[in-house]
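A.B. asks: This is upload_21.txt, which holds compact mmCIF, C-alpha atoms:
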# COMPACT_ATOMS: atom_id res chain seq x y z
CA MET A 19 0.00 0.00 0.00
CA SER A 20 0.93 3.60 -0.31
CA ALA A 21 4.09 4.66 1.47
CA TYR A 22 2.68 8.14 1.86
CA THR A 23 0.89 9.22 4.94
CA LYS A 24 -1.79 11.87 4.81
CA TYR A 25 0.76 14.29 6.16
CA SER A 26 3.38 13.60 3.56
CA GLU A 27 0.80 13.94 0.82
CA GLN A 28 -0.06 17.38 2.21
CA GLU A 29 3.60 18.20 2.35
CA LEU A 30 4.04 17.07 -1.21
CA VAL A 31 1.16 19.25 -2.35
CA ALA A 32 2.58 22.21 -0.46
CA LEU A 33 5.95 21.73 -2.16
CA LEU A 34 4.34 21.31 -5.58
CA LEU A 35 2.46 24.54 -5.04
CA GLN A 36 5.85 26.18 -4.61
CA GLN A 37 6.88 24.62 -7.96
CA ASN A 38 9.51 22.57 -6.20
CA ASP A 39 11.40 20.47 -8.78
CA GLN A 40 12.52 17.87 -6.28
CA ALA A 41 8.99 17.32 -5.04
CA PHE A 42 7.86 16.90 -8.62
CA SER A 43 10.61 14.38 -9.29
CA TYR A 44 9.53 12.47 -6.19
CA LEU A 45 5.92 12.64 -7.31
CA TYR A 46 6.84 11.20 -10.66
CA ASP A 47 8.93 8.40 -9.20
CA ASN A 48 6.19 7.40 -6.80
CA TYR A 49 3.06 7.77 -8.87
CA SER A 50 3.98 7.39 -12.53
CA PRO A 51 4.01 3.56 -12.63
CA ALA A 52 0.51 3.36 -11.16
CA LEU A 53 -0.78 6.14 -13.43
CA PHE A 54 0.93 4.65 -16.45
CA GLY A 55 -0.82 1.38 -15.60
CA ILE A 56 -4.19 3.12 -15.78
CA ILE A 57 -3.28 4.99 -18.96
CA ASN A 58 -2.19 1.74 -20.57
CA GLN A 59 -5.54 0.19 -19.83
CA ILE A 60 -7.21 2.96 -21.81
CA VAL A 61 -4.55 3.58 -24.47
CA PRO A 62 -2.83 0.28 -25.21
CA ASP A 63 -0.28 1.77 -27.62
CA LYS A 64 2.87 2.24 -25.52
CA GLU A 65 4.10 5.20 -27.45
CA LEU A 66 0.79 7.02 -27.28
CA ALA A 67 0.40 6.03 -23.64
CA SER A 68 3.81 7.54 -23.02
CA ASP A 69 2.63 10.76 -24.67
CA VAL A 70 -0.41 10.71 -22.41
CA LEU A 71 1.76 10.20 -19.34
CA GLN A 72 3.79 13.21 -20.35
CA ASP A 73 0.63 15.31 -20.77
CA VAL A 74 -0.66 14.06 -17.42
CA PHE A 75 2.41 15.10 -15.44
CA ILE A 76 2.66 18.43 -17.20
CA ASN A 77 -0.99 19.01 -16.32
CA ILE A 78 -0.37 17.98 -12.72
CA TRP A 79 2.50 20.48 -12.58
CA ARG A 80 0.41 23.24 -14.10
CA LYS A 81 -2.90 22.55 -12.40
CA ILE A 82 -1.76 21.72 -8.88
CA ARG A 83 -3.44 24.90 -7.68
CA SER A 84 -6.82 23.52 -8.68
CA TYR A 85 -6.34 20.46 -6.50
CA ASP A 86 -8.69 20.63 -3.49
CA GLN A 87 -7.71 18.34 -0.64
CA THR A 88 -11.22 18.45 0.83
CA LYS A 89 -12.59 16.77 -2.28
CA GLY A 90 -10.30 13.77 -2.29
CA ARG A 91 -6.82 12.34 -2.19
CA LEU A 92 -4.01 13.54 -4.42
CA PHE A 93 -3.86 10.14 -6.12
CA THR A 94 -7.56 10.25 -6.97
CA TRP A 95 -7.13 13.70 -8.48
CA MET A 96 -4.15 12.55 -10.55
CA LEU A 97 -5.93 9.34 -11.52
CA ASN A 98 -8.81 11.34 -12.96
CA ILE A 99 -6.41 13.60 -14.84
CA ALA A 100 -4.75 10.49 -16.26
CA ARG A 101 -8.06 8.90 -17.18
CA ASN A 102 -9.35 12.04 -18.87
CA ALA A 103 -6.08 12.59 -20.74
CA ALA A 104 -6.07 8.97 -21.93
CA ILE A 105 -9.68 9.20 -23.11
CA ASP A 106 -8.89 12.47 -24.87
CA LYS A 107 -6.04 10.71 -26.66
CA LEU A 108 -8.32 7.84 -27.52
CA ARG A 109 -10.72 10.26 -29.13
CA SER A 110 -8.14 12.51 -30.69
CA ARG A 111 -8.08 12.92 -34.42
CA PRO A 112 -4.59 11.44 -34.96
CA TYR A 113 -5.51 8.40 -32.92
CA GLN A 114 -8.75 7.83 -34.79
CA ASP A 115 -7.03 8.40 -38.12
CA ASN A 116 -4.38 5.91 -37.12
CA LEU A 117 -7.08 3.36 -36.38
CA LYS A 118 -8.69 3.94 -39.76
CA ASN A 119 -5.39 3.30 -41.47
CA GLN A 120 -5.06 -0.03 -39.80
CA PRO A 121 -6.30 -3.22 -41.44
CA LEU A 122 -9.99 -3.78 -41.07
CA ALA A 123 -9.63 -6.83 -38.83
CA GLU A 124 -7.95 -4.75 -36.11
CA ASN A 125 -10.15 -1.78 -36.78
CA VAL A 126 -13.34 -3.64 -36.11
CA ASN A 127 -12.47 -4.22 -32.52
CA SER A 128 -11.55 -0.61 -32.04
CA THR A 129 -14.94 0.88 -32.55
CA ALA A 130 -16.66 1.57 -29.32
CA ALA A 131 -19.41 -1.00 -29.30
CA ASN A 132 -17.24 -3.84 -30.54
CA SER A 133 -14.34 -3.14 -28.30
CA VAL A 134 -16.48 -3.45 -25.21
CA ILE A 135 -16.36 -7.19 -25.02
CA GLY A 136 -13.37 -7.50 -27.27
CA PRO A 137 -9.72 -8.04 -26.52
CA GLN A 138 -9.16 -4.44 -25.51
CA VAL A 139 -10.27 -5.35 -22.03
CA ASN A 140 -6.93 -6.71 -21.00
CA ASP A 141 -6.36 -8.61 -17.90
CA VAL A 142 -4.55 -6.13 -15.71
CA GLY A 143 -5.42 -3.61 -13.03
CA LEU A 144 -8.91 -2.31 -12.79
CA LYS A 145 -9.82 -4.12 -15.95
CA LYS A 146 -8.94 -7.38 -14.28
CA LEU A 147 -11.45 -6.48 -11.61
CA ILE A 148 -13.98 -5.46 -14.18
CA ASN A 149 -13.64 -8.80 -15.81
CA LYS A 150 -14.91 -10.25 -12.59
CA LEU A 151 -18.09 -8.23 -12.90
CA LYS A 152 -21.25 -9.55 -14.46
CA GLU A 153 -20.94 -9.00 -18.20
CA GLU A 154 -23.74 -6.44 -18.39
CA TYR A 155 -21.90 -4.42 -15.75
CA ARG A 156 -18.53 -4.95 -17.35
CA VAL A 157 -19.68 -3.40 -20.60
CA LEU A 158 -21.05 -0.38 -18.84
CA ILE A 159 -17.94 0.22 -16.72
CA ASP A 160 -15.68 -0.23 -19.68
CA LEU A 161 -17.64 2.22 -21.79
CA SER A 162 -18.08 4.79 -19.07
CA TYR A 163 -14.85 4.53 -17.16
CA PHE A 164 -12.32 3.37 -19.72
CA GLN A 165 -13.75 5.02 -22.78
CA GLY A 166 -15.35 8.03 -21.22
CA PHE A 167 -18.79 7.71 -22.75
CA THR A 168 -21.58 9.57 -21.05
CA HIS A 169 -24.62 7.69 -19.80
CA GLU A 170 -26.61 9.15 -22.69
CA GLU A 171 -24.06 7.96 -25.23
CA ILE A 172 -24.02 4.48 -23.69
CA ALA A 173 -27.82 4.36 -23.77
CA LYS A 174 -27.69 5.17 -27.47
CA LEU A 175 -24.82 2.84 -28.24
CA LEU A 176 -26.32 -0.15 -26.49
CA ASN A 177 -29.88 0.84 -27.28
CA ILE A 178 -31.05 0.56 -23.69
CA PRO A 179 -32.96 3.15 -21.66
CA LEU A 180 -30.94 5.87 -19.93
CA GLY A 181 -32.43 4.98 -16.54
CA THR A 182 -31.27 1.41 -16.95
CA VAL A 183 -27.76 2.58 -17.81
CA LYS A 184 -27.65 4.67 -14.64
CA THR A 185 -28.95 1.92 -12.38
CA ARG A 186 -26.71 -0.70 -13.88
CA ILE A 187 -23.63 1.45 -13.57
CA ARG A 188 -24.45 2.12 -9.95
CA SER A 189 -24.91 -1.57 -9.36
CA ALA A 190 -21.69 -2.32 -11.20
CA LEU A 191 -19.84 0.14 -8.99
CA ILE A 192 -21.31 -1.33 -5.84
CA GLN A 193 -20.18 -4.75 -6.99
CA LEU A 194 -16.77 -3.35 -7.95
CA ARG A 195 -16.49 -1.94 -4.45
CA THR A 196 -16.70 -5.42 -3.00
CA LEU A 197 -14.06 -6.71 -5.39
CA ILE A 198 -11.43 -4.06 -4.78
CA MET B 10 -32.64 8.04 2.08
CA ASN B 11 -30.43 7.89 5.17
CA ILE B 12 -26.67 8.35 4.94
CA GLN B 13 -25.87 4.64 5.03
CA GLU B 14 -28.16 4.02 2.09
CA TYR B 15 -26.55 6.95 0.32
CA ILE B 16 -23.08 5.60 0.99
CA SER B 17 -23.96 2.17 -0.34
CA SER B 18 -25.81 3.51 -3.37
CA GLY B 19 -22.65 3.46 -5.49
CA ILE B 20 -22.33 7.22 -5.40
CA VAL B 21 -19.00 7.04 -3.56
CA GLU B 22 -17.43 4.92 -6.31
CA SER B 23 -19.15 6.92 -8.99
CA TYR B 24 -17.78 10.17 -7.52
CA VAL B 25 -14.25 8.91 -6.93
CA LEU B 26 -13.94 7.32 -10.35
CA GLY B 27 -15.16 10.50 -11.99
CA LEU B 28 -18.35 8.94 -13.32
CA ALA B 29 -20.80 11.09 -11.38
CA SER B 30 -22.71 13.80 -13.19
CA PRO B 31 -22.05 17.44 -12.21
CA GLU B 32 -25.28 17.49 -10.18
CA GLU B 33 -24.33 14.30 -8.39
CA ARG B 34 -20.88 15.71 -7.65
CA ILE B 35 -22.30 18.88 -6.09
CA GLU B 36 -24.74 16.86 -4.02
CA PHE B 37 -21.98 14.48 -2.92
CA GLU B 38 -19.68 17.32 -1.86
CA GLU B 39 -22.50 18.93 0.11
CA MET B 40 -23.23 15.60 1.80
CA CYS B 41 -19.53 15.18 2.62
CA ALA B 42 -19.53 18.52 4.41
CA GLN B 43 -22.35 17.26 6.63
CA HIS B 44 -21.49 13.59 7.09
CA PRO B 45 -18.00 12.60 8.24
CA GLU B 46 -18.91 8.95 7.68
CA LEU B 47 -19.41 9.71 3.99
CA VAL B 48 -15.96 11.29 3.85
CA GLU B 49 -14.60 8.21 5.58
CA ALA B 50 -16.29 5.94 3.03
CA ARG B 51 -14.92 8.04 0.21
CA ASN B 52 -11.45 7.99 1.73
CA ASN B 53 -11.58 4.23 2.15
CA PHE B 54 -12.56 3.69 -1.45
CA GLU B 55 -9.86 6.08 -2.61
CA LEU B 56 -7.25 4.22 -0.58
CA SER B 57 -8.32 0.85 -1.92
CA LEU B 58 -8.36 2.23 -5.44
CA GLU B 59 -4.85 3.58 -4.99
CA GLU B 60 -3.76 0.28 -3.50
CA GLN B 61 -5.32 -1.56 -6.42
CA ALA B 62 -3.52 0.75 -8.86
CA ARG B 63 -0.22 0.18 -7.07
CA LYS B 64 -0.65 -3.55 -7.48
CA ASN B 65 -0.90 -3.05 -11.22
CA VAL B 66 1.90 -0.70 -12.01
CA VAL B 67 3.36 -0.47 -15.49
CA PRO B 68 6.82 1.06 -15.53
CA PRO B 69 6.83 4.06 -17.81
CA PRO B 70 9.27 3.88 -20.72
CA MET B 71 12.86 4.87 -20.12
CA GLY B 72 13.48 8.52 -20.69
CA ALA B 73 9.84 9.46 -20.14
CA LYS B 74 10.73 11.24 -16.92
CA GLU B 75 13.49 13.22 -18.60
CA LYS B 76 11.09 14.19 -21.37
CA ILE B 77 8.55 15.39 -18.84
CA LEU B 78 11.09 17.26 -16.75
CA SER B 79 12.53 18.98 -19.81
CA ALA B 80 9.00 19.73 -21.04
CA ILE B 81 8.25 21.34 -17.69
CA GLN B 82 11.47 23.28 -17.80
CA GLN B 83 10.60 24.26 -21.35
CA SER B 84 7.13 25.25 -20.26
CA SER B 85 8.58 27.34 -17.46
CA ALA B 86 11.23 28.42 -19.92
CA SER B 87 8.53 29.14 -22.47
CA LYS B 88 6.81 31.14 -19.79
CA THR B 89 10.12 32.87 -19.33
CA SER B 90 10.70 32.94 -23.06
CA LYS B 91 7.28 34.47 -23.42
CA LEU B 92 8.55 37.09 -21.07
CA ILE B 93 11.79 37.22 -23.01
CA SER B 94 9.90 37.42 -26.29
CA MET B 95 8.01 40.30 -24.77
CA GLU B 96 11.22 41.80 -23.55
CA PRO B 97 12.49 43.01 -26.87
CA THR B 98 9.29 44.97 -27.27
CA THR B 99 9.45 45.94 -23.63
CA ARG B 100 13.11 46.67 -24.00
CA ARG B 101 12.52 48.54 -27.21
CA SER B 102 9.69 50.49 -25.74
CA SER B 103 11.63 51.00 -22.54
CA GLY B 104 14.56 51.99 -24.74
CA LEU B 105 12.29 54.41 -26.50
CA ARG B 106 11.02 55.55 -23.17
CA TRP B 107 14.59 56.13 -22.08
CA ILE B 108 15.40 57.93 -25.27
CA ALA B 109 12.25 60.01 -24.91
CA ALA B 110 13.09 60.72 -21.28
CA ALA B 111 16.66 61.57 -22.23
CA ALA B 112 15.40 63.77 -25.07
CA ILE B 113 13.06 65.59 -22.73
CA ILE B 114 15.80 66.02 -20.17
CA LEU B 115 18.18 67.25 -22.86
CA PHE B 116 15.52 69.57 -24.17
CA LEU B 117 14.84 70.95 -20.72
CA VAL B 118 18.52 71.22 -19.83
CA GLY B 119 19.24 72.72 -23.23
CA GLY B 120 16.39 75.15 -22.82
CA PHE B 121 17.53 76.05 -19.36
CA LEU B 122 21.13 76.52 -20.48
CA ALA B 123 20.05 78.52 -23.51
CA PHE B 124 17.93 80.72 -21.27
CA LYS B 125 20.73 81.01 -18.75
CA PHE B 126 23.30 81.80 -21.41
CA TYR B 127 20.94 84.21 -23.09
CA ASN B 128 20.45 86.05 -19.83
CA GLU B 129 24.12 85.93 -18.99
CA ASN B 130 24.93 87.19 -22.46
CA LYS B 131 22.39 89.94 -22.08
CA ASP B 132 23.82 90.89 -18.70
CA LEU B 133 27.33 90.81 -20.09
CA LYS B 134 26.31 92.96 -23.04
CA THR B 135 24.68 95.42 -20.66
CA GLU B 136 27.74 95.39 -18.46
CA LEU B 137 29.98 95.74 -21.46
CA ARG B 138 27.93 98.65 -22.73
CA SER B 139 27.98 100.38 -19.37
CA SER B 140 31.70 99.68 -19.12
CA GLN B 141 32.17 101.08 -22.58
CA ASP B 142 30.07 104.08 -21.61
CA ALA B 143 32.10 104.54 -18.47
CA GLN B 144 35.24 104.10 -20.52
CA ALA B 145 34.01 106.66 -23.03
CA GLN B 146 33.14 109.02 -20.21
CA LEU B 147 36.56 108.49 -18.67
CA ASP B 148 38.19 108.97 -22.05
CA GLN B 149 36.21 112.14 -22.50
CA ARG B 150 37.14 113.40 -19.07
CA LEU B 151 40.72 112.41 -19.58
CA LYS B 152 40.82 114.16 -22.95
CA LYS B 153 39.24 117.20 -21.38
CA MET B 154 41.75 117.18 -18.56
CA GLU B 155 44.57 116.65 -21.03
CA ASP B 156 43.26 119.57 -23.07
CA GLU B 157 42.93 121.67 -19.97
CA GLU B 158 46.34 120.69 -18.79
CA LYS B 159 47.76 121.36 -22.22
CA VAL B 160 46.14 124.77 -22.20
CA MET B 161 47.39 125.54 -18.74
CA ASN B 162 50.93 124.45 -19.41
CA ASP B 163 51.09 125.83 -22.90
CA PRO B 164 53.54 128.72 -23.15
CA HIS B 165 51.09 130.51 -25.39
CA THR B 166 48.39 130.38 -22.78
CA THR B 167 47.54 133.54 -21.02
CA VAL B 168 46.22 133.34 -17.50
CA VAL B 169 43.84 136.10 -16.58
CA ASN B 170 42.95 136.52 -12.95
CA MET B 171 39.37 137.60 -12.55
CA VAL B 172 38.55 139.30 -9.27
CA GLY B 173 35.21 140.40 -8.10
CA LEU B 174 34.30 144.05 -8.30
CA GLN B 175 32.47 146.05 -5.66
CA GLY B 176 33.24 143.65 -2.92
CA SER B 177 31.98 140.61 -4.83
CA PRO B 178 33.64 137.41 -3.59
CA LEU B 179 33.85 136.24 -7.18
CA SER B 180 37.13 134.68 -8.09
CA ALA B 181 38.15 132.82 -11.25
CA ASN B 182 41.01 132.23 -13.58
CA ILE B 183 40.76 132.30 -17.32
CA TYR B 184 43.19 130.30 -19.38
CA TRP B 185 43.27 131.53 -22.91
CA ASP B 186 45.38 129.94 -25.59
CA SER B 187 45.74 132.55 -28.24
CA THR B 188 47.11 130.00 -30.71
CA SER B 189 44.31 127.45 -30.45
CA ALA B 190 41.76 130.05 -29.34
CA ASN B 191 40.65 127.72 -26.51
CA VAL B 192 39.28 129.43 -23.46
CA TYR B 193 39.02 127.64 -20.11
CA MET B 194 37.80 129.11 -16.93
CA ILE B 195 38.49 127.75 -13.48
CA VAL B 196 35.82 128.97 -11.18
CA LYS B 197 37.33 129.37 -7.74
CA ASN B 198 34.34 130.96 -6.15
CA MET B 199 31.20 132.33 -7.67
CA PRO B 200 28.15 132.80 -5.48
CA LYS B 201 25.07 130.87 -6.47
CA LEU B 202 22.59 132.89 -8.45
CA PRO B 203 18.79 132.84 -8.48
CA SER B 204 17.60 130.18 -10.90
CA ASP B 205 16.58 132.74 -13.55
CA LYS B 206 20.07 134.26 -13.59
CA GLN B 207 23.36 133.04 -15.11
CA TYR B 208 26.86 134.36 -15.31
CA GLN B 209 28.15 135.24 -18.72
CA LEU B 210 31.74 135.54 -19.88
CA TRP B 211 32.65 138.11 -22.41
CA ALA B 212 35.70 138.88 -24.40
CA LEU B 213 36.24 142.52 -25.13
CA ILE B 214 37.70 142.90 -28.56
CA ASP B 215 38.30 146.43 -29.71
CA LYS B 216 35.97 147.60 -26.92
CA LYS B 217 33.17 145.40 -28.20
CA PRO B 218 31.89 142.53 -26.07
CA VAL B 219 31.90 139.08 -27.66
CA ASP B 220 29.94 136.30 -25.97
CA LEU B 221 32.10 133.47 -24.65
CA GLY B 222 29.27 131.57 -23.00
CA LEU B 223 26.77 131.47 -20.21
CA PHE B 224 27.46 129.43 -17.08
CA ASP B 225 26.20 128.74 -13.62
CA GLY B 226 28.27 129.54 -10.59
CA GLY B 227 29.87 127.10 -8.25
CA GLU B 228 33.21 126.28 -6.82
CA LYS B 229 36.34 124.80 -8.24
CA VAL B 230 34.99 123.81 -11.60
CA ILE B 231 36.77 124.03 -14.92
CA LEU B 232 34.62 125.30 -17.73
CA LYS B 233 35.33 125.23 -21.43
CA MET B 234 34.18 128.53 -22.81
CA ASN B 235 33.72 129.62 -26.39
CA ASN B 236 36.84 130.07 -28.36
CA THR B 237 38.18 133.40 -29.22
CA GLN B 238 41.21 134.36 -31.26
CA LYS B 239 41.43 137.77 -29.86
CA ALA B 240 40.67 139.38 -26.54
CA ASP B 241 41.74 142.59 -24.99
CA ALA B 242 40.01 141.83 -21.76
CA PHE B 243 37.49 139.45 -20.21
CA ALA B 244 34.40 140.42 -18.35
CA ILE B 245 31.82 138.48 -16.33
CA THR B 246 28.30 139.79 -16.00
CA ILE B 247 25.10 138.51 -14.44
CA GLU B 248 22.44 138.06 -17.08
CA ASN B 249 19.00 136.59 -17.41
CA ARG B 250 19.16 132.83 -17.97
CA GLY B 251 19.76 132.03 -21.63
CA ASN B 252 20.65 135.62 -22.49
CA THR B 253 21.15 136.21 -26.16
CA GLY B 254 21.55 139.91 -26.07
CA GLY B 255 24.42 142.08 -25.12
CA PRO B 256 25.97 142.43 -21.69
CA ASN B 257 24.17 144.12 -18.90
CA LEU B 258 27.12 146.15 -17.75
CA GLN B 259 25.32 147.29 -14.62
CA GLU B 260 25.75 143.78 -13.44
CA LEU B 261 29.42 143.58 -14.30
CA GLN B 262 30.97 141.38 -11.74
CA SER B 263 34.55 141.13 -12.81
CA MET B 264 36.99 142.38 -15.32
CA GLY B 265 40.38 141.04 -16.27
CA LYS B 266 42.79 142.36 -18.74
CA ALA B 267 44.36 139.98 -21.16
CA LYS B 268 48.06 140.67 -21.28
CA LEU B 269 49.18 140.19 -24.75
Is it possible to give me this structure as structure tokens?
C.D. replies:
Amino acid sequence: MSAYTKYSEQELVALLLQQNDQAFSYLYDNYSPALFGIINQIVPDKELASDVLQDVFINIWRKIRSYDQTKGRLFTWMLNIARNAAIDKLRSRPYQDNLKNQPLAENVNSTAANSVIGPQVNDVGLKKLINKLKEEYRVLIDLSYFQGFTHEEIAKLLNIPLGTVKTRIRSALIQLRTLI
Amino acid sequence: MNIQEYISSGIVESYVLGLASPEERIEFEEMCAQHPELVEARNNFELSLEEQARKNVVPPPMGAKEKILSAIQQSSASKTSKLISMEPTTRRSSGLRWIAAAAIILFLVGGFLAFKFYNENKDLKTELRSSQDAQAQLDQRLKKMEDEEKVMNDPHTTVVNMVGLQGSPLSANIYWDSTSANVYMIVKNMPKLPSDKQYQLWALIDKKPVDLGLFDGGEKVILKMNNTQKADAFAITIENRGNTGGPNLQELQSMGKAKL
């Protein structure tokens, strides 16, 4: 488990607010493998994932002032930055173009609906946990968490009512809670 | 819904994972402010999520850290370089400002100096003029004195002693150069006259009086009188001021015979 006490996390934040290089280096050393793990689960391409990681840490450096300790832990804040950056990359024009240029067989699994159950759900990290969920939940978590689709978009994609999407995601999360 | 139901509704996970809608987030944060047990539940899920993530680390590629650090330095450098890129304009404009300031200062100093020099020049000119005037006056006086002295020392000069008649205290000497015809009179003592009266010097030539000039009395003054080539005698009368007529011999004050 984390080697950082609540206090040291506060200290780290305080130092980052002062734009302390050493604190940032420490932050990278201690959090980048975990964040890169998450990014990799969303953006499988190592090179692109590496780009995302770079964006994530630059954003952390720049946006540290917007971090509010009352709203959650530093890791949670960084995790969400990483997730959003990875999803942005996933949806970015170059990434999509790159997919289009790939042979059809690979491309098929890359489109949102197909990729849900497909091989993109690799067997590491959170995705490993998700694989333990009931399939109907797994799809929803993958689409919402790993691909960043809104509930409305998922409802459209899967052709199920919005209310059902919401309830199922909640249920999926409750189940996930017990698995973590 | 009580707080336990709320906690177990999946909202905690939804919030932490960033899946909650904006409305749900606001509601959750408000609930957190009121319910420490909700914060505790959130914190617990966050910790387990972090723990889970730490179990599934993927080492970032080699050199990624260096890239990020240099990107950050570049971004701070680009912040700086933004400043730097502004600097030339700033510098130029500040340069211009300096030049403008310098120009204004030069203008003011120049103006001040010009004014000062103008005034000094004016003062000097005035002084020079007054000096020249004084010089001219001195020259004039000197020339006059030289002339007088020349007359007095000249062997051709005749000195006529004029003494007051009828008990008059009048006393004067006339220096008459018969060669140059210059006539000077040194007034030793001549009583002051009423302001409508003046003394008049006459030369008597062949018994006829010739005007040699009107003058006021005084003491120890040298007067240059009209020239005369000839003179048998000199006479001083008291006349009306500015007299143009002949001598009023009733008011004859003094007579002196020119010894030729």
A.B. asks: Hey, can you check how far CA of Glu136 (chain B) sits from CA of Lys153 (chain B)?
C.D. replies: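 Those two atoms sit 24.8 Å apart.
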A.B. asks: Please build the interface table for chain A against chain B with a cut-off of 6 Å, listing for each qualifying residue the nearest atom pair and the distance in Å to one decimal; count only C-alpha atoms, order rows by chain and increasing number, and write it as a Markdown table.
C.D. replies:
| residue | atom | partner | partner_atom | distance |
| --- | --- | --- | --- | --- |
| A:Met19 | CA | B:Glu60 | CA | 5.1 |
| A:Pro51 | CA | B:Pro68 | CA | 4.7 |
| A:Ala52 | CA | B:Val66 | CA | 4.4 |
| A:Phe54 | CA | B:Val67 | CA | 5.7 |
| A:Gly55 | CA | B:Val67 | CA | 4.6 |
| A:Gln72 | CA | B:Ile77 | CA | 5.4 |
| A:Gly143 | CA | B:Asn65 | CA | 4.9 |
| A:Arg188 | CA | B:Gly19 | CA | 5.0 |
| A:Leu191 | CA | B:Gly19 | CA | 5.6 |
| A:Ile192 | CA | B:Gly19 | CA | 5.0 |
A.B. asks: With all atoms listed in the file as the atoms that count, which of B:Pro200, B:Gly173, B:Pro178, B:Pro256 lies nearest to Asp225 (chain B)?
C.D. replies: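 With all atoms listed in the file as the atom set, the closest residue is B:Pro200.
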A.B. asks: Between CA of Ala242 (chain B) and CA of Pro218 (chain B), what distance in Å does the model show, to one decimal?
C.D. replies: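 A separation of 9.2 Å between them.
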A.B. asks: For a test of reading the model, state the distance in Å between CA of Leu202 (chain B) and CA of Met171 (chain B), rounded to one decimal.
C.D. replies: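 Separation between CA of Leu202 (chain B) and CA of Met171 (chain B): 17.9 Å.
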A.B. asks: Quick one: everything within 12 Å of Arg101 (chain A), counting all atoms listed in the file, minus sequence neighbours fewer than 6 positions away in the same chain. Send it as a list of chain:residue names.
C.D. replies: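 Here the qualifying residues turn out to be A:Ala52, A:Leu53, A:Phe54, A:Gly55, A:Ile56, A:Ile57, A:Asn58, A:Gln59, A:Ile60, A:Val61, A:Ala67, A:Val70, A:Leu71, A:Asp73, A:Val74, A:Phe93, A:Thr94, A:Trp95, A:Lys107, A:Leu108, A:Ser162, A:Tyr163, A:Phe164, A:Gln165, A:Gly166, B:Val25, B:Leu26, B:Gly27, B:Leu28.
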A.B. asks: Restrict the selected residues to C-alpha atoms and save them as a compact mmCIF listing (two decimals), in the frame of the given file.
C.D. replies:
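Contents of again02.txt, freshly written:
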# COMPACT_ATOMS: atom_id res chain seq x y z
CA ALA A 52 0.51 3.36 -11.16
CA LEU A 53 -0.78 6.14 -13.43
CA PHE A 54 0.93 4.65 -16.45
CA GLY A 55 -0.82 1.38 -15.60
CA ILE A 56 -4.19 3.12 -15.78
CA ILE A 57 -3.28 4.99 -18.96
CA ASN A 58 -2.19 1.74 -20.57
CA GLN A 59 -5.54 0.19 -19.83
CA ILE A 60 -7.21 2.96 -21.81
CA VAL A 61 -4.55 3.58 -24.47
CA ALA A 67 0.40 6.03 -23.64
CA VAL A 70 -0.41 10.71 -22.41
CA LEU A 71 1.76 10.20 -19.34
CA ASP A 73 0.63 15.31 -20.77
CA VAL A 74 -0.66 14.06 -17.42
CA PHE A 93 -3.86 10.14 -6.12
CA THR A 94 -7.56 10.25 -6.97
CA TRP A 95 -7.13 13.70 -8.48
CA LYS A 107 -6.04 10.71 -26.66
CA LEU A 108 -8.32 7.84 -27.52
CA SER A 162 -18.08 4.79 -19.07
CA TYR A 163 -14.85 4.53 -17.16
CA PHE A 164 -12.32 3.37 -19.72
CA GLN A 165 -13.75 5.02 -22.78
CA GLY A 166 -15.35 8.03 -21.22
CA VAL B 25 -14.25 8.91 -6.93
CA LEU B 26 -13.94 7.32 -10.35
CA GLY B 27 -15.16 10.50 -11.99
CA LEU B 28 -18.35 8.94 -13.32
A.B. asks: Find the residues near Ala244 (chain B): any atom within 8 Å, counting all atoms listed in the file, skip ones fewer than 2 places away on the same chain, and give them as a compact mmCIF listing (two decimals) with C-alpha atoms, keeping the file's coordinate frame.
C.D. replies:
# COMPACT_ATOMS: atom_id res chain seq x y z
CA LEU B 210 31.74 135.54 -19.88
CA TRP B 211 32.65 138.11 -22.41
CA ALA B 212 35.70 138.88 -24.40
CA LEU B 213 36.24 142.52 -25.13
CA ALA B 242 40.01 141.83 -21.76
CA THR B 246 28.30 139.79 -16.00
CA LEU B 261 29.42 143.58 -14.30
CA GLN B 262 30.97 141.38 -11.74
CA SER B 263 34.55 141.13 -12.81
CA MET B 264 36.99 142.38 -15.32
CA GLY B 265 40.38 141.04 -16.27
A.B. asks: Determine, counting only C-alpha atoms, which protein, DNA and RNA residues have an atom within 9 Å of an atom of Ala240 (chain B); residues of the same chain fewer than 2 positions away are not included. Present the result as a PDB file with C-alpha atoms, keeping the file's coordinate frame.
C.D. replies:
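Ended up saving to result_15.pdb:
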ATOM      1  CA  SER B 187      45.740 132.550 -28.240  1.00  0.00           C
ATOM      2  CA  ALA B 212      35.700 138.880 -24.400  1.00  0.00           C
ATOM      3  CA  LEU B 213      36.240 142.520 -25.130  1.00  0.00           C
ATOM      4  CA  ILE B 214      37.700 142.900 -28.560  1.00  0.00           C
ATOM      5  CA  ASP B 215      38.300 146.430 -29.710  1.00  0.00           C
ATOM      6  CA  VAL B 219      31.900 139.080 -27.660  1.00  0.00           C
ATOM      7  CA  THR B 237      38.180 133.400 -29.220  1.00  0.00           C
ATOM      8  CA  GLN B 238      41.210 134.360 -31.260  1.00  0.00           C
ATOM      9  CA  ALA B 242      40.010 141.830 -21.760  1.00  0.00           C
ATOM     10  CA  PHE B 243      37.490 139.450 -20.210  1.00  0.00           C
ATOM     11  CA  LYS B 266      42.790 142.360 -18.740  1.00  0.00           C
ATOM     12  CA  ALA B 267      44.360 139.980 -21.160  1.00  0.00           C
ATOM     13  CA  LEU B 269      49.180 140.190 -24.750  1.00  0.00           C
TER      14      LEU B 269
END
